[in-house]
Amino acid sequence: MVLMAGHNKWSKIKRQKAAADKKKGKIWARLSRDIAVAAREGGGDPDMNASLSQAIEKAKEENMPKDNIERAIKRGTGELEGQDYEDALYEGYAPHGVAVLIEALTDNTNRTVADLRHIFDKAGGSLGKSGSVSYLFERKGRFIIPAAGLDELELFELVVEAGAEDLEQMEDRFVVTTPVEVFDTVEAALKASDIELEEAKLAYLPTTTVAPEADAARRVKDFLATLEDQQDVQELYTTLDEEAVPESEPA
């Protein structure tokens with residue numbers, strides 16, 4: 001099997017990972033929603049619910065109090081009253097023709113749509129209808145693995161045998177891309193080999209990218225940062241070529 005060269009640059013992954021909110025209260029609010037949704041969908045026992053276990057682990061990494069975690073689980077299982085959150089996918093164009101897919105988690109879709117539309121309109125972009133940009137992305141499994149102590153060839157052989165289609169080393173991490181249907185198989189193979197997973201998720205990867213000139217790319221980046229700060233936004237996927245964005249502001 002020959003792996004195709006990856007088009008998702010590490011800078012893009014770093015940007016997505018850096019999308020976490022700076023205010024701890026907001027981080028905890030998002031983590032609480034993640035825990036509640038996982039508990040609602042798979043039950044309140046983390047030993048029997050991998051998604052819940054992962055959400056709790058992330059909460060602990062952010063020093064979220066145990067009581068907050070337990071309340072979030074009980075809201076998810078219905079033992080406590082609380083908001084009913086649902087997943088939503090929004091599509092649109094940022095300024096300069098950059099496509100954007102937004103994964104959101106919301107208890108009020110009308111509010112979320114209004115907030116997102118305001119952000120798009122203010123920046124000169126447009127929030128579109130379902131299908132308006134999703135055709136520019138592919139749904140893939142993605143694993144981010146710390147490279148320390150791993151042999152690239154051995155990892156390559158392991159993930160290819162499990163069905164992965166791409167392996168790249170980006171700085172001090174490996175990035176493995178898989179078809180959706182073999183995501184669980186690859187994850188099981190990695191865990192069986194006691195390989196640490198920094199991230200394991202399904203993501204939307206662009207099939208093409210847009211490279212605006214430097215000032216325009218910087219404005220798009222600022223727009224994306226504003227979107228990331230919206231309380232319901234969980235993940236952003238874009239066709240922006242991160243290499244077009246200047247490393248720093250001009251003097």
# chains A, B, ... in the order shown; residues from 1 in each chain; ligands from 1
call {"tool": "closest_atom_pairs", "arguments": {"of": "region 27-88 of chain A", "to": "region 109-117 of chain A", "cutoff": "12 Å", "atoms": "only C-alpha atoms", "output": "tab-separated table"}}
result
residue	atom	partner	partner_atom	distance
A:Asp84	CA	A:Thr109	CA	11.3
A:Tyr85	CA	A:Thr109	CA	9.5
A:Glu86	CA	A:Thr109	CA	8.7
A:Asp87	CA	A:Thr109	CA	9.6
A:Ala88	CA	A:Thr109	CA	8.1
call {"tool": "closest_atom_pairs", "arguments": {"of": "region 105-184 of chain A", "to": "region 235-240 of chain A", "cutoff": "12 Å", "atoms": "only C-alpha atoms", "output": "CSV"}}
result
residue,atom,partner,partner_atom,distance
A:Leu105,CA,A:Glu235,CA,9.6
A:Val133,CA,A:Thr238,CA,9.7
A:Ser134,CA,A:Tyr237,CA,10.0
A:Tyr135,CA,A:Thr239,CA,11.5
A:Leu136,CA,A:Thr239,CA,8.0
A:Phe137,CA,A:Thr239,CA,8.3
A:Glu138,CA,A:Tyr237,CA,10.6
A:Arg139,CA,A:Tyr237,CA,10.8
call {"tool": "write_last_selection", "arguments": {"atoms": "N, CA and C atoms", "output": "mmCIF file, in the first residue's frame"}}
result
data_model
loop_
_atom_site.group_PDB
_atom_site.id
_atom_site.type_symbol
_atom_site.label_atom_id
_atom_site.label_comp_id
_atom_site.auth_asym_id
_atom_site.auth_seq_id
_atom_site.Cartn_x
_atom_site.Cartn_y
_atom_site.Cartn_z
ATOM 1 N N LEU A 105 -21.871 22.745 19.575
ATOM 2 C CA LEU A 105 -22.666 22.038 20.565
ATOM 3 C C LEU A 105 -23.526 23.097 21.240
ATOM 4 N N VAL A 133 -20.450 24.297 1.521
ATOM 5 C CA VAL A 133 -18.994 24.127 1.470
ATOM 6 C C VAL A 133 -18.533 22.731 1.872
ATOM 7 N N SER A 134 -19.419 21.921 2.403
ATOM 8 C CA SER A 134 -18.997 20.606 2.921
ATOM 9 C C SER A 134 -18.392 19.717 1.844
ATOM 10 N N TYR A 135 -18.741 19.972 0.588
ATOM 11 C CA TYR A 135 -18.180 19.162 -0.503
ATOM 12 C C TYR A 135 -16.679 19.404 -0.678
ATOM 13 N N LEU A 136 -16.151 20.437 -0.041
ATOM 14 C CA LEU A 136 -14.728 20.747 -0.127
ATOM 15 C C LEU A 136 -13.912 20.029 0.962
ATOM 16 N N PHE A 137 -14.588 19.211 1.775
ATOM 17 C CA PHE A 137 -13.934 18.528 2.878
ATOM 18 C C PHE A 137 -14.243 17.032 2.816
ATOM 19 N N GLU A 138 -13.347 16.239 3.407
ATOM 20 C CA GLU A 138 -13.561 14.806 3.565
ATOM 21 C C GLU A 138 -13.558 14.460 5.050
ATOM 22 N N ARG A 139 -14.475 13.609 5.453
ATOM 23 C CA ARG A 139 -14.512 13.149 6.838
ATOM 24 C C ARG A 139 -13.482 12.039 6.997
#
call {"tool": "closest_atom_pairs", "arguments": {"of": "region 105-160 of chain A", "to": "region 93-97 of chain A", "cutoff": "8 Å", "atoms": "only C-alpha atoms", "output": "tab-separated table"}}
result
residue	atom	partner	partner_atom	distance
A:Phe120	CA	A:Ala94	CA	6.8
A:Ala123	CA	A:Pro95	CA	6.7
A:Gly124	CA	A:Pro95	CA	5.7
A:Gly125	CA	A:Ala94	CA	4.5
A:Ser126	CA	A:Tyr93	CA	5.3
A:Leu127	CA	A:Tyr93	CA	6.4
A:Gly128	CA	A:Tyr93	CA	7.3
A:Val133	CA	A:Tyr93	CA	7.7
call {"tool": "write_last_selection", "arguments": {"atoms": "C-alpha atoms", "output": "short mmCIF file (atom, residue, chain, number, x, y, z; two decimals), in the first residue's frame"}}
result
data_model
loop_
_atom_site.label_atom_id
_atom_site.label_comp_id
_atom_site.auth_asym_id
_atom_site.auth_seq_id
_atom_site.Cartn_x
_atom_site.Cartn_y
_atom_site.Cartn_z
CA PHE A 120 -19.72 36.27 9.41
CA ALA A 123 -16.24 40.30 8.68
CA GLY A 124 -17.63 40.34 5.16
CA GLY A 125 -18.17 36.60 5.01
CA SER A 126 -21.38 34.63 4.67
CA LEU A 127 -23.02 31.86 6.66
CA GLY A 128 -24.32 29.39 4.10
CA VAL A 133 -18.99 24.13 1.47
#
call {"tool": "select_by_dssp", "arguments": {"residues": "region 46-161 of chain A", "states": "helix (DSSP H, G or I)", "output": "PyMOL selection string"}}
result
chain A and resi 50-61+66-77+95-97+109-123+134-136+152-161
call {"tool": "write_last_selection", "arguments": {"atoms": "C-alpha atoms", "output": "CSV table (one decimal), in the first residue's frame"}}
result
chain,number,residue,atom,x,y,z
A,50,ALA,CA,-15.1,5.4,26.0
A,51,SER,CA,-16.3,8.8,25.0
A,52,LEU,CA,-17.2,9.7,28.5
A,53,SER,CA,-13.9,8.4,29.8
A,54,GLN,CA,-12.0,10.6,27.4
A,55,ALA,CA,-14.1,13.6,28.2
A,56,ILE,CA,-13.5,13.1,31.9
A,57,GLU,CA,-9.8,12.8,31.3
A,58,LYS,CA,-9.7,16.1,29.4
A,59,ALA,CA,-11.6,17.7,32.3
A,60,LYS,CA,-9.1,16.4,34.8
A,61,GLU,CA,-6.2,17.8,32.7
A,66,LYS,CA,-14.6,16.4,40.7
A,67,ASP,CA,-18.0,17.8,41.8
A,68,ASN,CA,-18.3,19.6,38.5
A,69,ILE,CA,-17.5,16.4,36.6
A,70,GLU,CA,-20.1,14.4,38.6
A,71,ARG,CA,-22.8,17.0,38.1
A,72,ALA,CA,-22.1,17.0,34.4
A,73,ILE,CA,-22.5,13.2,34.3
A,74,LYS,CA,-25.8,13.4,36.2
A,75,ARG,CA,-27.1,16.0,33.9
A,76,GLY,CA,-26.3,13.8,30.9
A,77,THR,CA,-28.0,10.7,32.5
A,95,PRO,CA,-13.6,36.6,3.7
A,96,HIS,CA,-11.4,36.0,0.6
A,97,GLY,CA,-13.2,32.8,-0.4
A,109,THR,CA,-29.9,26.7,17.8
A,110,ASN,CA,-31.6,30.0,17.1
A,111,ARG,CA,-29.1,31.8,19.3
A,112,THR,CA,-26.1,30.0,17.8
A,113,VAL,CA,-27.2,30.7,14.2
A,114,ALA,CA,-27.8,34.4,15.0
A,115,ASP,CA,-24.4,34.7,16.7
A,116,LEU,CA,-22.5,33.0,13.9
A,117,ARG,CA,-24.3,35.0,11.2
A,118,HIS,CA,-23.4,38.2,13.0
A,119,ILE,CA,-19.7,37.2,13.1
A,120,PHE,CA,-19.7,36.3,9.4
A,121,ASP,CA,-21.6,39.4,8.3
A,122,LYS,CA,-19.4,41.7,10.3
A,123,ALA,CA,-16.2,40.3,8.7
A,134,SER,CA,-19.0,20.6,2.9
A,135,TYR,CA,-18.2,19.2,-0.5
A,136,LEU,CA,-14.7,20.7,-0.1
A,152,GLU,CA,8.6,5.6,12.4
A,153,LEU,CA,8.8,2.5,10.3
A,154,GLU,CA,7.3,0.3,13.0
A,155,LEU,CA,4.5,2.8,13.5
A,156,PHE,CA,4.0,2.9,9.7
A,157,GLU,CA,3.7,-0.9,9.5
A,158,LEU,CA,1.3,-1.0,12.5
A,159,VAL,CA,-1.2,1.6,11.2
A,160,VAL,CA,-1.1,0.5,7.6
A,161,GLU,CA,-1.9,-3.1,8.6
call {"tool": "closest_residue", "arguments": {"among": "A:Thr207, A:Glu81, A:Ser32, A:Lys140", "to": "Glu62 (chain A)", "atoms": "only C-alpha atoms"}}
result
A:Ser32
call {"tool": "atom_distance", "arguments": {"atom1": "CA of Pro46 (chain A)", "atom2": "CA of Ala148 (chain A)"}}
result
28.6 Å
call {"tool": "closest_residue", "arguments": {"among": "A:Ala203, A:Arg218, A:Asp172, A:Phe143", "to": "Ala188 (chain A)", "atoms": "only C-alpha atoms"}}
result
A:Phe143
call {"tool": "closest_residue", "arguments": {"among": "A:Asp232, A:Gln169, A:Asp45, A:Ala244", "to": "Arg219 (chain A)", "atoms": "only C-alpha atoms"}}
result
A:Ala244
call {"tool": "select_by_dssp", "arguments": {"residues": "region 3-241 of chain A", "states": "strand (DSSP E)", "output": "ChimeraX atom specification"}}
result
/A:86-93,99-106,126-128,137-146,166-170,173-179,199-206,233-238
call {"tool": "closest_residue", "arguments": {"among": "A:Gly44, A:Met64, A:Tyr204, A:Leu150", "to": "Trp28 (chain A)", "atoms": "only C-alpha atoms"}}
result
A:Met64
call {"tool": "closest_residue", "arguments": {"among": "A:Leu80, A:Leu227, A:Ala147, A:Val245", "to": "Gly92 (chain A)", "atoms": "only C-alpha atoms"}}
result
A:Leu227
call {"tool": "closest_residue", "arguments": {"among": "A:Leu89, A:Ala162, A:Leu167, A:Ile144", "to": "Glu196 (chain A)", "atoms": "only C-alpha atoms"}}
result
A:Ile144
call {"tool": "residues_around", "arguments": {"residues": "Gln231 (chain A)", "least_positions_apart": "5", "cutoff": "10 Å", "atoms": "only C-alpha atoms", "output": "PDB file with N, CA and C atoms, in the first residue's frame"}}
result
ATOM      1  N   ASP A  21     -10.411  27.865  24.394  1.00  0.00           N
ATOM      2  CA  ASP A  21     -10.647  29.186  24.973  1.00  0.00           C
ATOM      3  C   ASP A  21      -9.653  29.494  26.087  1.00  0.00           C
ATOM      4  N   LYS A  26     -14.846  29.253  30.753  1.00  0.00           N
ATOM      5  CA  LYS A  26     -15.416  28.834  29.480  1.00  0.00           C
ATOM      6  C   LYS A  26     -14.935  27.444  29.096  1.00  0.00           C
ATOM      7  N   ILE A  27     -13.684  27.159  29.379  1.00  0.00           N
ATOM      8  CA  ILE A  27     -13.163  25.818  29.113  1.00  0.00           C
ATOM      9  C   ILE A  27     -13.968  24.793  29.898  1.00  0.00           C
ATOM     10  N   ALA A  29     -16.969  25.073  31.016  1.00  0.00           N
ATOM     11  CA  ALA A  29     -18.339  24.998  30.490  1.00  0.00           C
ATOM     12  C   ALA A  29     -18.397  24.055  29.293  1.00  0.00           C
ATOM     13  N   ARG A  30     -17.422  24.158  28.419  1.00  0.00           N
ATOM     14  CA  ARG A  30     -17.388  23.277  27.249  1.00  0.00           C
ATOM     15  C   ARG A  30     -17.154  21.827  27.669  1.00  0.00           C
ATOM     16  N   ALA A 104     -20.528  22.569  16.231  1.00  0.00           N
ATOM     17  CA  ALA A 104     -21.009  23.284  17.407  1.00  0.00           C
ATOM     18  C   ALA A 104     -21.767  22.341  18.325  1.00  0.00           C
ATOM     19  N   LEU A 105     -21.871  22.745  19.575  1.00  0.00           N
ATOM     20  CA  LEU A 105     -22.666  22.038  20.565  1.00  0.00           C
ATOM     21  C   LEU A 105     -23.526  23.097  21.240  1.00  0.00           C
ATOM     22  N   THR A 106     -24.838  23.004  21.072  1.00  0.00           N
ATOM     23  CA  THR A 106     -25.692  24.110  21.487  1.00  0.00           C
ATOM     24  C   THR A 106     -26.969  23.629  22.163  1.00  0.00           C
ATOM     25  N   THR A 112     -27.411  30.317  18.419  1.00  0.00           N
ATOM     26  CA  THR A 112     -26.138  29.986  17.794  1.00  0.00           C
ATOM     27  C   THR A 112     -26.081  30.499  16.358  1.00  0.00           C
ATOM     28  N   ASP A 115     -25.718  34.302  16.356  1.00  0.00           N
ATOM     29  CA  ASP A 115     -24.366  34.718  16.738  1.00  0.00           C
ATOM     30  C   ASP A 115     -23.377  34.496  15.591  1.00  0.00           C
TER      31      ASP A 115
END
